[in-house]
file query.cif (mmCIF, C-alpha atoms)
data_data
#
loop_
_atom_site.label_atom_id
_atom_site.label_comp_id
_atom_site.auth_asym_id
_atom_site.auth_seq_id
_atom_site.Cartn_x
_atom_site.Cartn_y
_atom_site.Cartn_z
CA MET A 1136 2.26 -12.79 -23.88
CA ASN A 1137 3.75 -10.39 -21.32
CA LEU A 1138 2.21 -9.21 -18.08
CA ASN A 1139 3.31 -6.46 -15.70
CA LYS A 1140 0.79 -6.44 -12.83
CA ILE A 1141 1.26 -6.06 -9.09
CA PHE A 1142 -1.12 -6.09 -6.13
CA ILE A 1143 0.05 -4.71 -2.79
CA CYS A 1144 -1.90 -4.45 0.44
CA GLY A 1145 -0.05 -2.53 3.11
CA ASN A 1146 0.19 0.54 5.29
CA LEU A 1147 1.17 4.04 4.22
CA THR A 1148 4.55 4.78 5.83
CA ARG A 1149 4.93 8.47 5.02
CA LEU A 1150 2.69 11.26 3.80
CA GLN A 1151 2.46 11.77 0.07
CA GLU A 1152 4.62 14.29 -1.72
CA MET A 1153 2.30 16.12 -4.11
CA LYS A 1154 3.68 17.81 -7.21
CA ALA A 1155 2.14 19.19 -10.38
CA LEU A 1156 3.22 18.31 -13.90
CA PRO A 1157 3.56 21.09 -16.51
CA SER A 1158 0.21 19.85 -17.90
CA GLY A 1159 -1.42 20.63 -14.54
CA LYS A 1160 -1.98 17.00 -13.50
CA SER A 1161 -1.16 16.09 -9.90
CA VAL A 1162 1.49 13.49 -9.11
CA SER A 1163 1.85 11.91 -5.70
CA SER A 1164 4.65 9.68 -4.43
CA PHE A 1165 4.70 7.75 -1.17
CA SER A 1166 5.73 4.40 0.24
CA ILE A 1167 3.77 1.43 1.51
CA ALA A 1168 5.04 -1.15 3.98
CA THR A 1169 4.12 -4.81 3.74
CA ASN A 1170 5.11 -7.39 6.31
CA ARG A 1171 5.52 -11.12 6.49
CA VAL A 1172 5.47 -13.36 9.55
CA TRP A 1173 6.75 -16.94 9.58
CA THR A 1174 8.15 -19.55 11.92
CA ASP A 1175 11.74 -20.66 11.35
CA LYS A 1176 13.13 -24.20 11.84
CA PRO A 1177 13.88 -23.75 15.58
CA GLY A 1178 10.25 -22.58 16.04
CA GLN A 1179 10.96 -18.88 16.51
CA LYS A 1180 8.53 -16.38 15.03
CA GLN A 1181 10.24 -14.16 12.46
CA ARG A 1182 9.08 -10.86 10.95
CA ASP A 1183 10.16 -9.05 7.81
CA ALA A 1184 9.01 -5.71 6.40
CA LEU A 1185 9.37 -4.45 2.83
CA PHE A 1186 8.91 -0.88 1.68
CA HIS A 1187 7.52 -0.16 -1.78
CA ASN A 1188 7.77 3.17 -3.63
CA VAL A 1189 4.40 4.13 -5.13
CA VAL A 1190 3.35 6.81 -7.65
CA THR A 1191 -0.18 8.01 -8.47
CA ILE A 1192 -1.22 10.49 -11.15
CA GLY A 1193 -4.23 12.74 -11.60
CA LYS A 1194 -7.45 12.40 -9.62
CA GLN A 1195 -6.15 9.31 -7.79
CA ALA A 1196 -3.27 11.35 -6.36
CA GLU A 1197 -5.69 14.00 -5.11
CA ILE A 1198 -8.04 11.44 -3.51
CA LEU A 1199 -5.21 9.60 -1.74
CA ASN A 1200 -3.76 12.90 -0.52
CA GLN A 1201 -7.15 13.92 0.87
CA TYR A 1202 -8.19 10.68 2.61
CA CYS A 1203 -4.98 8.89 3.64
CA THR A 1204 -2.70 9.46 6.58
CA THR A 1205 0.35 7.62 7.85
CA GLY A 1206 -0.68 4.08 8.80
CA SER A 1207 -3.70 3.97 6.46
CA LEU A 1208 -4.33 0.55 4.95
CA LEU A 1209 -4.36 0.53 1.12
CA LEU A 1210 -4.88 -2.10 -1.53
CA ILE A 1211 -3.10 -1.05 -4.70
CA GLU A 1212 -3.22 -2.53 -8.19
CA GLY A 1213 -0.63 -1.31 -10.62
CA ARG A 1214 2.47 -2.02 -12.64
CA LEU A 1215 6.20 -1.94 -11.93
CA GLN A 1216 8.31 0.74 -13.56
CA THR A 1217 12.03 1.45 -13.23
CA ARG A 1218 13.24 5.00 -13.84
CA PRO A 1219 16.91 5.78 -14.54
CA TRP A 1220 18.66 9.11 -13.87
CA GLU A 1221 22.20 10.36 -13.45
CA LYS A 1222 23.64 11.75 -10.24
CA ASP A 1223 27.25 12.89 -10.05
CA GLY A 1224 28.00 11.04 -13.29
CA GLN A 1225 26.67 7.71 -12.00
CA LYS A 1226 23.50 6.10 -13.27
CA GLN A 1227 20.86 5.60 -10.56
CA TYR A 1228 17.69 3.50 -10.74
CA ARG A 1229 14.43 3.50 -8.82
CA THR A 1230 11.75 0.83 -9.16
CA GLU A 1231 8.26 1.95 -8.22
CA VAL A 1232 4.65 0.86 -8.44
CA VAL A 1233 2.54 3.03 -10.76
CA VAL A 1234 -1.06 2.85 -9.52
CA ASP A 1235 -3.84 1.80 -11.89
CA SER A 1236 -6.50 1.49 -9.18
CA PHE A 1237 -6.73 1.35 -5.39
CA GLN A 1238 -9.07 0.68 -2.50
CA LEU A 1239 -8.94 2.44 0.83
CA GLY A 1240 -8.87 0.21 3.88
CA PRO A 1241 -11.24 0.55 6.82
CA LYS A 1242 -11.07 3.77 8.78
CA ARG A 1243 -9.09 3.47 11.97
CA GLU A 1244 -11.15 3.82 15.11
CA GLN A 1245 -9.76 6.40 17.49
CA SER A 1246 -10.40 6.62 21.19
CA ASP A 1247 -9.64 9.61 23.36
CA ASP A 1248 -6.50 7.94 24.73
CA GLN A 1249 -4.74 6.44 21.70
CA PRO A 1250 -5.49 5.61 18.08
CA SER A 1251 -6.42 2.01 17.40
CA THR A 1252 -3.88 -0.11 15.55
CA ASN A 1253 -6.38 -2.86 14.72
CA THR A 1254 -7.23 -2.74 11.03
CA GLU A 1255 -8.43 -6.35 10.74
CA PRO A 1256 -12.14 -6.74 10.03
CA VAL A 1257 -14.13 -8.49 12.75
CA VAL A 1258 -16.29 -11.35 11.45
CA PRO A 1259 -18.60 -13.06 13.95
CA GLU A 1260 -18.08 -16.82 13.80
CA ASP A 1261 -21.75 -17.70 14.25
CA GLU A 1262 -22.89 -15.98 11.05
CA ILE A 1263 -21.38 -18.59 8.71
CA ASN A 1264 -22.35 -22.22 9.23
CA PRO A 1265 -20.10 -24.50 7.12
CA ASP A 1266 -22.89 -27.15 7.05
CA GLU A 1267 -25.15 -24.76 5.12
CA ILE A 1268 -22.66 -24.27 2.25
CA PRO A 1269 -24.02 -26.27 -0.70
CA PHE A 1270 -20.67 -27.47 -2.07
#
call {"tool": "encode", "arguments": {"input": "query.cif", "output": "structure tokens"}}
result
Amino acid sequence: MNLNKIFICGNLTRLQEMKALPSGKSVSSFSIATNRVWTDKPGQKQRDALFHNVVTIGKQAEILNQYCTTGSLLLIEGRLQTRPWEKDGQKQYRTEVVVDSFQLGPKREQSDDQPSTNTEPVVPEDEINPDEIPF
């Protein structure tokens, strides 16, 4: 059995480039950044960011173009695809995520001074009592 499935939760790094196929369907391409934070052996906090090329087709492309801006949090489910092409006689490759489904993250709260960068949901600690969990 083979499986080609990817889940990515990250922030939109650039606005989508919308194009139309000859059939009339919309195609959107953009990139999403994911980050990772860890502590190395000497105890220093390290950060790493990865950028993923993403492609959406049809109604999904139109919805993402309408509701997402740079920095928007997205959860994407899709598959990996590598496209080859030739440029100046040399073969080039691009690996991208083709979206099957997605979920928009929470809307960013904006104040008059600056936009909020906090996209983490706030969960009050007193709502869940671990002693009341039956397992």
call {"tool": "resolve_selection", "arguments": {"input": "query.cif", "expression": "the PyMOL selection byres ((chain A and resi 1145) around 7)", "output": "MDAnalysis selection string"}}
result
chainID A and resid 1143:1144 1146:1147 1167:1169 1208:1210
call {"tool": "atom_distance", "arguments": {"input": "query.cif", "atom1": "atom CA of A:Ala1196", "atom2": "atom CA of A:Val1232"}}
result
13.3 Å
call {"tool": "atom_distance", "arguments": {"input": "query.cif", "atom1": "atom CA of A:Gly1206", "atom2": "atom CA of A:Val1234"}}
result
18.4 Å
call {"tool": "closest_residue", "arguments": {"input": "query.cif", "among": "A:Gln1227, A:Asn1139, A:Ser1207, A:Thr1148", "to": "A:Leu1185", "atoms": "all atoms listed in the file"}}
result
A:Thr1148
call {"tool": "atom_distance", "arguments": {"input": "query.cif", "atom1": "atom CA of A:Asn1200", "atom2": "atom CA of A:Ser1161"}}
result
10.2 Å
call {"tool": "residues_around", "arguments": {"input": "query.cif", "residues": "A:Thr1204", "least_positions_apart": "6", "cutoff": "12 Å", "atoms": "all atoms listed in the file", "output": "list of chain:residue names"}}
result
A:Asn1146, A:Leu1147, A:Thr1148, A:Arg1149, A:Leu1150, A:Gln1151, A:Phe1165, A:Ser1166, A:Ile1167, A:Ile1198, A:Leu1239, A:Gly1240, A:Lys1242, A:Arg1243
call {"tool": "resolve_selection", "arguments": {"input": "query.cif", "expression": "the PyMOL selection byres ((chain A and resi 1229) around 8)", "output": "list in words"}}
result
Thr1217, Arg1218, Pro1219, Gln1227, Tyr1228, Thr1230 and Glu1231 of chain A
call {"tool": "residues_around", "arguments": {"input": "query.cif", "residues": "stretch 1170-1173 of chain A", "least_positions_apart": "3", "cutoff": "9 Å", "atoms": "all atoms listed in the file", "output": "ChimeraX atom specification"}}
result
/A:1145,1179-1186
call {"tool": "closest_residue", "arguments": {"input": "query.cif", "among": "A:Pro1157, A:Val1162, A:Met1136, A:Val1233", "to": "A:Gly1193", "atoms": "all atoms listed in the file"}}
result
A:Val1162
call {"tool": "closest_residue", "arguments": {"input": "query.cif", "among": "A:Ile1211, A:Thr1174, A:Gly1224, A:Phe1142", "to": "A:Gln1195", "atoms": "only C-alpha atoms"}}
result
A:Ile1211
call {"tool": "resolve_selection", "arguments": {"input": "query.cif", "expression": "the PyMOL selection byres ((chain A and resi 1155) around 12)", "output": "MDAnalysis selection string"}}
result
chainID A and resid 1152:1154 1156:1164 1191:1194 1196:1197
call {"tool": "write_last_selection", "arguments": {"input": "query.cif", "atoms": "C-alpha atoms", "output": "PDB file, in the coordinates of the input"}}
result
ATOM      1  CA  GLU A1152       4.620  14.290  -1.720  1.00  0.00           C
ATOM      2  CA  MET A1153       2.300  16.120  -4.110  1.00  0.00           C
ATOM      3  CA  LYS A1154       3.680  17.810  -7.210  1.00  0.00           C
ATOM      4  CA  LEU A1156       3.220  18.310 -13.900  1.00  0.00           C
ATOM      5  CA  PRO A1157       3.560  21.090 -16.510  1.00  0.00           C
ATOM      6  CA  SER A1158       0.210  19.850 -17.900  1.00  0.00           C
ATOM      7  CA  GLY A1159      -1.420  20.630 -14.540  1.00  0.00           C
ATOM      8  CA  LYS A1160      -1.980  17.000 -13.500  1.00  0.00           C
ATOM      9  CA  SER A1161      -1.160  16.090  -9.900  1.00  0.00           C
ATOM     10  CA  VAL A1162       1.490  13.490  -9.110  1.00  0.00           C
ATOM     11  CA  SER A1163       1.850  11.910  -5.700  1.00  0.00           C
ATOM     12  CA  SER A1164       4.650   9.680  -4.430  1.00  0.00           C
ATOM     13  CA  THR A1191      -0.180   8.010  -8.470  1.00  0.00           C
ATOM     14  CA  ILE A1192      -1.220  10.490 -11.150  1.00  0.00           C
ATOM     15  CA  GLY A1193      -4.230  12.740 -11.600  1.00  0.00           C
ATOM     16  CA  LYS A1194      -7.450  12.400  -9.620  1.00  0.00           C
ATOM     17  CA  ALA A1196      -3.270  11.350  -6.360  1.00  0.00           C
ATOM     18  CA  GLU A1197      -5.690  14.000  -5.110  1.00  0.00           C
TER      19      GLU A1197
END
call {"tool": "closest_residue", "arguments": {"input": "query.cif", "among": "A:Gln1216, A:Asp1235, A:Leu1199, A:Asp1223", "to": "A:His1187", "atoms": "only C-alpha atoms"}}
result
A:Gln1216
call {"tool": "closest_residue", "arguments": {"input": "query.cif", "among": "A:Thr1205, A:Leu1215, A:Val1190, A:Pro1177", "to": "A:Phe1237", "atoms": "only C-alpha atoms"}}
result
A:Val1190
call {"tool": "decode", "arguments": {"input": "query.cif", "residues": "stretch 1198-1247 of chain A", "atoms": "N, CA and C atoms", "output": "PDB file, in the first residue's frame"}}
result
ATOM      1  N   ILE A1198     -11.652  30.807  -2.476  1.00  0.00           N
ATOM      2  CA  ILE A1198     -11.929  31.053  -1.063  1.00  0.00           C
ATOM      3  C   ILE A1198     -10.671  31.539  -0.346  1.00  0.00           C
ATOM      4  N   LEU A1199      -9.553  30.857  -0.572  1.00  0.00           N
ATOM      5  CA  LEU A1199      -8.306  31.280   0.070  1.00  0.00           C
ATOM      6  C   LEU A1199      -7.899  32.672  -0.373  1.00  0.00           C
ATOM      7  N   ASN A1200      -8.081  32.986  -1.640  1.00  0.00           N
ATOM      8  CA  ASN A1200      -7.740  34.307  -2.153  1.00  0.00           C
ATOM      9  C   ASN A1200      -8.608  35.382  -1.504  1.00  0.00           C
ATOM     10  N   GLN A1201      -9.856  35.045  -1.228  1.00  0.00           N
ATOM     11  CA  GLN A1201     -10.788  36.015  -0.667  1.00  0.00           C
ATOM     12  C   GLN A1201     -10.546  36.255   0.826  1.00  0.00           C
ATOM     13  N   TYR A1202     -10.246  35.202   1.597  1.00  0.00           N
ATOM     14  CA  TYR A1202     -10.226  35.317   3.049  1.00  0.00           C
ATOM     15  C   TYR A1202      -8.845  35.353   3.688  1.00  0.00           C
ATOM     16  N   CYS A1203      -7.786  35.068   2.957  1.00  0.00           N
ATOM     17  CA  CYS A1203      -6.457  34.998   3.567  1.00  0.00           C
ATOM     18  C   CYS A1203      -5.587  36.186   3.187  1.00  0.00           C
ATOM     19  N   THR A1204      -4.797  36.609   4.144  1.00  0.00           N
ATOM     20  CA  THR A1204      -3.810  37.652   3.911  1.00  0.00           C
ATOM     21  C   THR A1204      -2.469  37.143   4.437  1.00  0.00           C
ATOM     22  N   THR A1205      -1.418  37.872   4.174  1.00  0.00           N
ATOM     23  CA  THR A1205      -0.102  37.484   4.665  1.00  0.00           C
ATOM     24  C   THR A1205      -0.149  37.356   6.185  1.00  0.00           C
ATOM     25  N   GLY A1206       0.353  36.239   6.691  1.00  0.00           N
ATOM     26  CA  GLY A1206       0.353  35.982   8.131  1.00  0.00           C
ATOM     27  C   GLY A1206      -0.814  35.128   8.592  1.00  0.00           C
ATOM     28  N   SER A1207      -1.811  34.899   7.732  1.00  0.00           N
ATOM     29  CA  SER A1207      -2.963  34.086   8.119  1.00  0.00           C
ATOM     30  C   SER A1207      -2.517  32.669   8.461  1.00  0.00           C
ATOM     31  N   LEU A1208      -3.114  32.113   9.518  1.00  0.00           N
ATOM     32  CA  LEU A1208      -2.819  30.753   9.923  1.00  0.00           C
ATOM     33  C   LEU A1208      -3.705  29.796   9.134  1.00  0.00           C
ATOM     34  N   LEU A1209      -3.100  28.759   8.538  1.00  0.00           N
ATOM     35  CA  LEU A1209      -3.836  27.779   7.747  1.00  0.00           C
ATOM     36  C   LEU A1209      -3.435  26.371   8.151  1.00  0.00           C
ATOM     37  N   LEU A1210      -4.411  25.484   8.162  1.00  0.00           N
ATOM     38  CA  LEU A1210      -4.150  24.051   8.297  1.00  0.00           C
ATOM     39  C   LEU A1210      -4.498  23.440   6.951  1.00  0.00           C
ATOM     40  N   ILE A1211      -3.512  22.805   6.336  1.00  0.00           N
ATOM     41  CA  ILE A1211      -3.692  22.265   4.991  1.00  0.00           C
ATOM     42  C   ILE A1211      -3.487  20.766   5.008  1.00  0.00           C
ATOM     43  N   GLU A1212      -4.378  20.063   4.313  1.00  0.00           N
ATOM     44  CA  GLU A1212      -4.230  18.626   4.083  1.00  0.00           C
ATOM     45  C   GLU A1212      -4.100  18.442   2.586  1.00  0.00           C
ATOM     46  N   GLY A1213      -3.092  17.691   2.171  1.00  0.00           N
ATOM     47  CA  GLY A1213      -2.905  17.514   0.742  1.00  0.00           C
ATOM     48  C   GLY A1213      -1.925  16.404   0.426  1.00  0.00           C
ATOM     49  N   ARG A1214      -1.334  16.520  -0.755  1.00  0.00           N
ATOM     50  CA  ARG A1214      -0.377  15.517  -1.208  1.00  0.00           C
ATOM     51  C   ARG A1214       0.822  16.236  -1.813  1.00  0.00           C
ATOM     52  N   LEU A1215       1.970  15.564  -1.798  1.00  0.00           N
ATOM     53  CA  LEU A1215       3.170  16.129  -2.408  1.00  0.00           C
ATOM     54  C   LEU A1215       3.210  15.798  -3.886  1.00  0.00           C
ATOM     55  N   GLN A1216       3.669  16.756  -4.665  1.00  0.00           N
ATOM     56  CA  GLN A1216       3.796  16.562  -6.111  1.00  0.00           C
ATOM     57  C   GLN A1216       5.053  17.291  -6.569  1.00  0.00           C
ATOM     58  N   THR A1217       5.838  16.648  -7.406  1.00  0.00           N
ATOM     59  CA  THR A1217       7.032  17.274  -7.970  1.00  0.00           C
ATOM     60  C   THR A1217       6.821  17.468  -9.464  1.00  0.00           C
ATOM     61  N   ARG A1218       6.994  18.714  -9.905  1.00  0.00           N
ATOM     62  CA  ARG A1218       6.816  19.046 -11.323  1.00  0.00           C
ATOM     63  C   ARG A1218       8.171  19.332 -11.958  1.00  0.00           C
ATOM     64  N   PRO A1219       8.475  18.697 -13.081  1.00  0.00           N
ATOM     65  CA  PRO A1219       9.717  19.016 -13.803  1.00  0.00           C
ATOM     66  C   PRO A1219       9.437  20.001 -14.947  1.00  0.00           C
ATOM     67  N   TRP A1220      10.442  20.796 -15.313  1.00  0.00           N
ATOM     68  CA  TRP A1220      10.408  21.642 -16.495  1.00  0.00           C
ATOM     69  C   TRP A1220      11.837  21.942 -16.913  1.00  0.00           C
ATOM     70  N   GLU A1221      11.988  22.444 -18.111  1.00  0.00           N
ATOM     71  CA  GLU A1221      13.322  22.764 -18.610  1.00  0.00           C
ATOM     72  C   GLU A1221      13.499  24.265 -18.700  1.00  0.00           C
ATOM     73  N   LYS A1222      14.678  24.716 -18.255  1.00  0.00           N
ATOM     74  CA  LYS A1222      15.016  26.133 -18.340  1.00  0.00           C
ATOM     75  C   LYS A1222      16.462  26.227 -18.820  1.00  0.00           C
ATOM     76  N   ASP A1223      16.651  26.870 -19.939  1.00  0.00           N
ATOM     77  CA  ASP A1223      17.985  27.013 -20.537  1.00  0.00           C
ATOM     78  C   ASP A1223      18.660  25.657 -20.733  1.00  0.00           C
ATOM     79  N   GLY A1224      17.885  24.664 -21.134  1.00  0.00           N
ATOM     80  CA  GLY A1224      18.421  23.336 -21.408  1.00  0.00           C
ATOM     81  C   GLY A1224      18.682  22.483 -20.185  1.00  0.00           C
ATOM     82  N   GLN A1225      18.424  23.009 -18.991  1.00  0.00           N
ATOM     83  CA  GLN A1225      18.625  22.234 -17.770  1.00  0.00           C
ATOM     84  C   GLN A1225      17.278  21.895 -17.151  1.00  0.00           C
ATOM     85  N   LYS A1226      17.173  20.671 -16.663  1.00  0.00           N
ATOM     86  CA  LYS A1226      15.940  20.219 -16.042  1.00  0.00           C
ATOM     87  C   LYS A1226      15.829  20.815 -14.637  1.00  0.00           C
ATOM     88  N   GLN A1227      14.692  21.401 -14.343  1.00  0.00           N
ATOM     89  CA  GLN A1227      14.401  21.997 -13.038  1.00  0.00           C
ATOM     90  C   GLN A1227      13.266  21.203 -12.396  1.00  0.00           C
ATOM     91  N   TYR A1228      13.210  21.221 -11.065  1.00  0.00           N
ATOM     92  CA  TYR A1228      12.157  20.522 -10.336  1.00  0.00           C
ATOM     93  C   TYR A1228      11.616  21.422  -9.240  1.00  0.00           C
ATOM     94  N   ARG A1229      10.335  21.261  -8.965  1.00  0.00           N
ATOM     95  CA  ARG A1229       9.693  22.003  -7.875  1.00  0.00           C
ATOM     96  C   ARG A1229       8.739  21.045  -7.173  1.00  0.00           C
ATOM     97  N   THR A1230       8.939  20.873  -5.877  1.00  0.00           N
ATOM     98  CA  THR A1230       8.041  20.042  -5.079  1.00  0.00           C
ATOM     99  C   THR A1230       7.056  20.963  -4.380  1.00  0.00           C
ATOM    100  N   GLU A1231       5.787  20.634  -4.467  1.00  0.00           N
ATOM    101  CA  GLU A1231       4.745  21.471  -3.877  1.00  0.00           C
ATOM    102  C   GLU A1231       3.663  20.618  -3.241  1.00  0.00           C
ATOM    103  N   VAL A1232       2.894  21.243  -2.384  1.00  0.00           N
ATOM    104  CA  VAL A1232       1.756  20.596  -1.735  1.00  0.00           C
ATOM    105  C   VAL A1232       0.510  20.955  -2.545  1.00  0.00           C
ATOM    106  N   VAL A1233      -0.203  19.938  -3.022  1.00  0.00           N
ATOM    107  CA  VAL A1233      -1.467  20.158  -3.718  1.00  0.00           C
ATOM    108  C   VAL A1233      -2.570  19.955  -2.679  1.00  0.00           C
ATOM    109  N   VAL A1234      -3.376  20.988  -2.456  1.00  0.00           N
ATOM    110  CA  VAL A1234      -4.360  20.997  -1.372  1.00  0.00           C
ATOM    111  C   VAL A1234      -5.568  20.135  -1.714  1.00  0.00           C
ATOM    112  N   ASP A1235      -5.912  19.232  -0.769  1.00  0.00           N
ATOM    113  CA  ASP A1235      -7.163  18.481  -0.844  1.00  0.00           C
ATOM    114  C   ASP A1235      -8.232  19.172  -0.016  1.00  0.00           C
ATOM    115  N   SER A1236      -7.858  19.638   1.180  1.00  0.00           N
ATOM    116  CA  SER A1236      -8.777  20.380   2.041  1.00  0.00           C
ATOM    117  C   SER A1236      -7.964  21.307   2.940  1.00  0.00           C
ATOM    118  N   PHE A1237      -8.642  22.281   3.553  1.00  0.00           N
ATOM    119  CA  PHE A1237      -7.954  23.237   4.413  1.00  0.00           C
ATOM    120  C   PHE A1237      -8.912  23.759   5.464  1.00  0.00           C
ATOM    121  N   GLN A1238      -8.344  24.337   6.510  1.00  0.00           N
ATOM    122  CA  GLN A1238      -9.113  25.042   7.527  1.00  0.00           C
ATOM    123  C   GLN A1238      -8.432  26.379   7.771  1.00  0.00           C
ATOM    124  N   LEU A1239      -9.229  27.417   7.843  1.00  0.00           N
ATOM    125  CA  LEU A1239      -8.699  28.737   8.140  1.00  0.00           C
ATOM    126  C   LEU A1239      -8.472  28.838   9.637  1.00  0.00           C
ATOM    127  N   GLY A1240      -7.396  29.486  10.025  1.00  0.00           N
ATOM    128  CA  GLY A1240      -7.113  29.691  11.439  1.00  0.00           C
ATOM    129  C   GLY A1240      -7.971  30.810  11.995  1.00  0.00           C
ATOM    130  N   PRO A1241      -7.820  31.104  13.280  1.00  0.00           N
ATOM    131  CA  PRO A1241      -8.614  32.181  13.875  1.00  0.00           C
ATOM    132  C   PRO A1241      -8.257  33.515  13.248  1.00  0.00           C
ATOM    133  N   LYS A1242      -9.253  34.400  13.194  1.00  0.00           N
ATOM    134  CA  LYS A1242      -8.997  35.734  12.664  1.00  0.00           C
ATOM    135  C   LYS A1242      -8.075  36.463  13.618  1.00  0.00           C
ATOM    136  N   ARG A1243      -7.199  37.258  13.068  1.00  0.00           N
ATOM    137  CA  ARG A1243      -6.268  38.026  13.880  1.00  0.00           C
ATOM    138  C   ARG A1243      -6.985  39.258  14.407  1.00  0.00           C
ATOM    139  N   GLU A1244      -6.856  39.484  15.702  1.00  0.00           N
ATOM    140  CA  GLU A1244      -7.439  40.682  16.299  1.00  0.00           C
ATOM    141  C   GLU A1244      -6.553  41.865  15.969  1.00  0.00           C
ATOM    142  N   GLN A1245      -7.179  42.982  15.614  1.00  0.00           N
ATOM    143  CA  GLN A1245      -6.399  44.160  15.272  1.00  0.00           C
ATOM    144  C   GLN A1245      -6.812  45.310  16.166  1.00  0.00           C
ATOM    145  N   SER A1246      -5.824  45.963  16.749  1.00  0.00           N
ATOM    146  CA  SER A1246      -6.087  47.167  17.517  1.00  0.00           C
ATOM    147  C   SER A1246      -5.812  48.361  16.612  1.00  0.00           C
ATOM    148  N   ASP A1247      -6.048  49.548  17.130  1.00  0.00           N
ATOM    149  CA  ASP A1247      -5.797  50.738  16.333  1.00  0.00           C
ATOM    150  C   ASP A1247      -4.310  50.956  16.116  1.00  0.00           C
TER     151      ASP A1247
END
